[in-house]
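**Student:** Just passing along the structure, written as structure tokens.
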Amino acid sequence: MKTLLITEKYSVASALCDAIDLSIESCDIFCVHPHHVWRYKLEKLSFEQVPFVGEPPKINNLLDGNSVFVPSPLHFIISGQSVWAGNVNSLVENVEILKSNLASGVYDQVICLGDSDPIGQLNIKRGLELVEVPDGIDVSLIKNSTLDPENLKYAFSNRSQINDSEFSLVSGQLLKNKFDYWWNSNSAIVLSEAAKFAGLEADPVISKYEALLMQYLDVTFKNSEFFESDLIKMMHCWVGTGKFKGEDFDYWYGLVSTSERSRIVKQMQYRGFLSDSNGSLSITDKGRDFLRLLHPRSLDLDLPFRVEAWRTGEGGGEATAKRYIRTFFGRQLRHQRKEMNKIRVERGKSSALKIESVGI
């Protein structure tokens, strides 16, 4: 009989096998990262629909190609073969193998390894939903990402049988995902219009934290040059206004994940917002044109902390998240249309853009 390991990180699964003398060859491994995969497809909006806070499309089947796309491949180890599923068809094929193995009794146990934070809980929950573990197979959870052998031995010996209480933070993570869906759907039409008008690349969609960082760079560096390392440090030590600072401040509250920080800097360069002169970065003229189109009150240094509060079940919940989107994009669209019309007049253009009457 074999063991199926459902894990966020292959390194932890491998370390567990070493720690408890479990042969890695006797295990199949599903490294599940649904926060990189099961993203809602964006709503294609007209300007009359802004600000949009509608419900995301309901996903009845996590493997439905109409609801799923795979920007980051998922890693499977099945019968000793390493497979990276980089598209929906490959994902479905490998999940079906695991489901078939479970149904035919290949595995006598399923061990889940994940963090106990909201995204870790959602990762494991999605993995279990995908493979559909039949009744009668032991399913346990190790809430640990350590690579230390002794800690892993202890965690394995004290692992718990999985139950609904293990997923108490999932609803908060789903609200965060919904907020991102609202933001990106609105940004795809509103901030994309502003970016194109300023001469920037509008694709990919300007995310909430890219927009925030753009504005904060202007406040922090003005017309000065700076280095990528300055931006990375800024994101790592993000303090906001200080309103949300708590005991676990340093653990929770960086701006975007460590792996995303360099990417977001490169993305601003790709858009044409930043220029690079021998490693020295500066905001371009097109970047400053874009900043002019942003509402003065759109700079919210505490946005990462608000999102974290929603994610952990605090901060007013969905009603507050909806109000944030309505306020931000409602006034942003009105403001950018006014500014764009002013610029058109300055440039001698006669035709004016409609200033939307947006309800907040």
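Following the order of the structure tokens, chains are lettered A, B, ..., residues in each are numbered from 1, and ligands are numbered from 1.
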DSSP on the backbone, then: every residue of stretch 198-244 of chain A marked alpha helix (DSSP H), written as a list in words.
**Tutor:**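 Result set for stretch 198-244 of chain A (alpha helix (DSSP H)): Ala198, Lys208, Tyr209, Glu210, Ala211, Leu212, Leu213, Met214, Gln215, Tyr216, Leu217, Asp218, Val219, Thr220, Phe221, Glu228, Ser229, Asp230, Leu231, Ile232, Lys233, Met234, Met235 and His236 of chain A.
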**Student:** Taking 6 positions as the minimum chain separation for residues in the same chain, which residues sit within 8 Å of stretch 216-232 of chain A when counting only C-alpha atoms? Answer as a PyMOL selection string.
**Tutor:** chain A and resi 261-262+265+279-283+299
**Student:** So, with only C-alpha atoms as the atoms that count, which of A:Ala319, A:Val345, A:Leu333, A:Leu255 lies closest to A:Phe305?
**Tutor:**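 Of the candidates, the smallest distance to A:Phe305 is held by A:Leu255.
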**Student:** Mind pulling up the distance from atom CA of A:Cys27 to atom CA of A:Gln109?
**Tutor:** 10.0 Å
**Student:** Return as a PyMOL selection string the full set of residues in stretch 38-141 of chain A whose backbone-based DSSP assignment is strand (DSSP E or B).
**Tutor:** chain A and resi 74-78+81-85+107-113+138-141
**Student:** Write out as a PDB file with C-alpha atoms, in the first residue's frame each polymer residue whose atoms come within 8 Å of stretch 130-135 of chain A, counting only C-alpha atoms; drop sequence neighbours fewer than 3 positions from it.
**Tutor:**
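So the final result, stored in around-v4.pdb, reads:
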ATOM      1  CA  LEU A  62     -12.758  22.806 -10.065  1.00  0.00           C
ATOM      2  CA  LEU A  63     -11.564  21.090 -13.232  1.00  0.00           C
ATOM      3  CA  VAL A  95      -5.818  14.403 -10.883  1.00  0.00           C
ATOM      4  CA  GLU A  96      -7.828  11.617 -12.520  1.00  0.00           C
ATOM      5  CA  LEU A  98      -4.916  10.061  -8.245  1.00  0.00           C
ATOM      6  CA  LYS A  99      -8.699   9.702  -8.047  1.00  0.00           C
ATOM      7  CA  LEU A 102      -7.813   6.256  -4.367  1.00  0.00           C
ATOM      8  CA  ALA A 103     -10.930   4.504  -5.624  1.00  0.00           C
ATOM      9  CA  ARG A 126      -8.854  22.434  -2.722  1.00  0.00           C
ATOM     10  CA  GLY A 127      -6.461  19.503  -3.022  1.00  0.00           C
TER      11      GLY A 127
END
**Student:** Of the candidates A:Val53, A:Cys237, A:Val32, A:Ala188, which shows the shortest atom-to-atom distance to A:Leu74, using only C-alpha atoms?
**Tutor:** A:Val32
**Student:** Looking at A:Gly272, A:Asn163, A:Tyr40, A:Val50, which one is nearest to A:Thr284, with distances taken over only C-alpha atoms?
**Tutor:**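 Among the listed residues, the smallest separation from A:Thr284 belongs to A:Gly272.
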**Student:** Closest to A:Arg334 among A:Asp302, A:Ser82, A:Val190, A:Gly114, using only C-alpha atoms?
**Tutor:** A:Val190
**Student:** Between atom CA of A:Leu4 and atom CA of A:Val110, what is the distance, to one decimal in Å?
**Tutor:**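 Going from atom CA of A:Leu4 over to atom CA of A:Val110, I get 4.8 Å.
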**Student:** Return the single residue from A:Ser90, A:Gln173, A:Gln336, A:Ser185 that is closest to A:Gln49, with distances computed using only C-alpha atoms.
**Tutor:** A:Ser185
**Student:** Give the answer as one residue: which of A:Asn186, A:Ser100, A:Thr7, A:Ser46 has the shortest atom-to-atom distance to A:Lys143, using only C-alpha atoms?
**Tutor:**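 So, comparing all the options, the nearest one is A:Thr7.
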**Student:** May I have the residues within 10 Å of A:His75 as a list of chain:residue names, using only C-alpha atoms and disregarding those fewer than 4 positions away in the same chain?
**Tutor:** A:Glu8, A:Lys9, A:Tyr10, A:Ile29, A:Phe30, A:Cys31, A:Val32, A:His33, A:Ser82, A:Val83, A:Trp84, A:Ala85, A:Gly86, A:Leu91, A:Asn94
**Student:** Would you save the residues from that selection as a JSON list (two decimals), in the first residue's frame, using N, CA and C atoms?
**Tutor:**
[["chain", "number", "residue", "atom", "x", "y", "z"],
["A", 8, "GLU", "N", 1.79, 21.68, 0.21],
["A", 8, "GLU", "CA", 2.05, 22.96, -0.45],
["A", 8, "GLU", "C", 3.44, 22.99, -1.07],
["A", 9, "LYS", "N", 4.38, 22.29, -0.45],
["A", 9, "LYS", "CA", 5.78, 22.37, -0.89],
["A", 9, "LYS", "C", 6.36, 20.96, -0.97],
["A", 10, "TYR", "N", 6.96, 20.64, -2.10],
["A", 10, "TYR", "CA", 7.60, 19.33, -2.26],
["A", 10, "TYR", "C", 8.71, 19.14, -1.24],
["A", 29, "ILE", "N", 2.84, 12.13, -4.67],
["A", 29, "ILE", "CA", 2.82, 13.48, -4.10],
["A", 29, "ILE", "C", 2.06, 14.42, -5.03],
["A", 30, "PHE", "N", 1.17, 15.20, -4.43],
["A", 30, "PHE", "CA", 0.43, 16.24, -5.15],
["A", 30, "PHE", "C", 0.78, 17.57, -4.49],
["A", 31, "CYS", "N", 1.59, 18.37, -5.19],
["A", 31, "CYS", "CA", 1.96, 19.70, -4.67],
["A", 31, "CYS", "C", 0.92, 20.69, -5.18],
["A", 32, "VAL", "N", 0.02, 21.07, -4.31],
["A", 32, "VAL", "CA", -1.15, 21.84, -4.74],
["A", 32, "VAL", "C", -0.98, 23.31, -4.38],
["A", 33, "HIS", "N", -1.15, 24.16, -5.37],
["A", 33, "HIS", "CA", -1.04, 25.61, -5.16],
["A", 33, "HIS", "C", -2.23, 26.29, -5.83],
["A", 82, "SER", "N", 7.97, 12.46, -12.22],
["A", 82, "SER", "CA", 7.72, 13.87, -11.91],
["A", 82, "SER", "C", 7.03, 14.54, -13.09],
["A", 83, "VAL", "N", 5.88, 15.15, -12.83],
["A", 83, "VAL", "CA", 5.11, 15.80, -13.89],
["A", 83, "VAL", "C", 4.75, 17.21, -13.45],
["A", 84, "TRP", "N", 4.96, 18.16, -14.35],
["A", 84, "TRP", "CA", 4.52, 19.53, -14.10],
["A", 84, "TRP", "C", 3.32, 19.80, -15.00],
["A", 85, "ALA", "N", 2.16, 19.95, -14.37],
["A", 85, "ALA", "CA", 0.92, 20.18, -15.12],
["A", 85, "ALA", "C", 0.78, 21.68, -15.37],
["A", 86, "GLY", "N", 1.05, 22.09, -16.60],
["A", 86, "GLY", "CA", 1.04, 23.51, -16.92],
["A", 86, "GLY", "C", -0.18, 23.97, -17.67],
["A", 91, "LEU", "N", -3.53, 18.98, -15.95],
["A", 91, "LEU", "CA", -4.00, 18.97, -14.57],
["A", 91, "LEU", "C", -5.09, 17.92, -14.39],
["A", 94, "ASN", "N", -3.73, 14.21, -14.52],
["A", 94, "ASN", "CA", -3.01, 13.73, -13.34],
["A", 94, "ASN", "C", -3.91, 13.62, -12.12]]
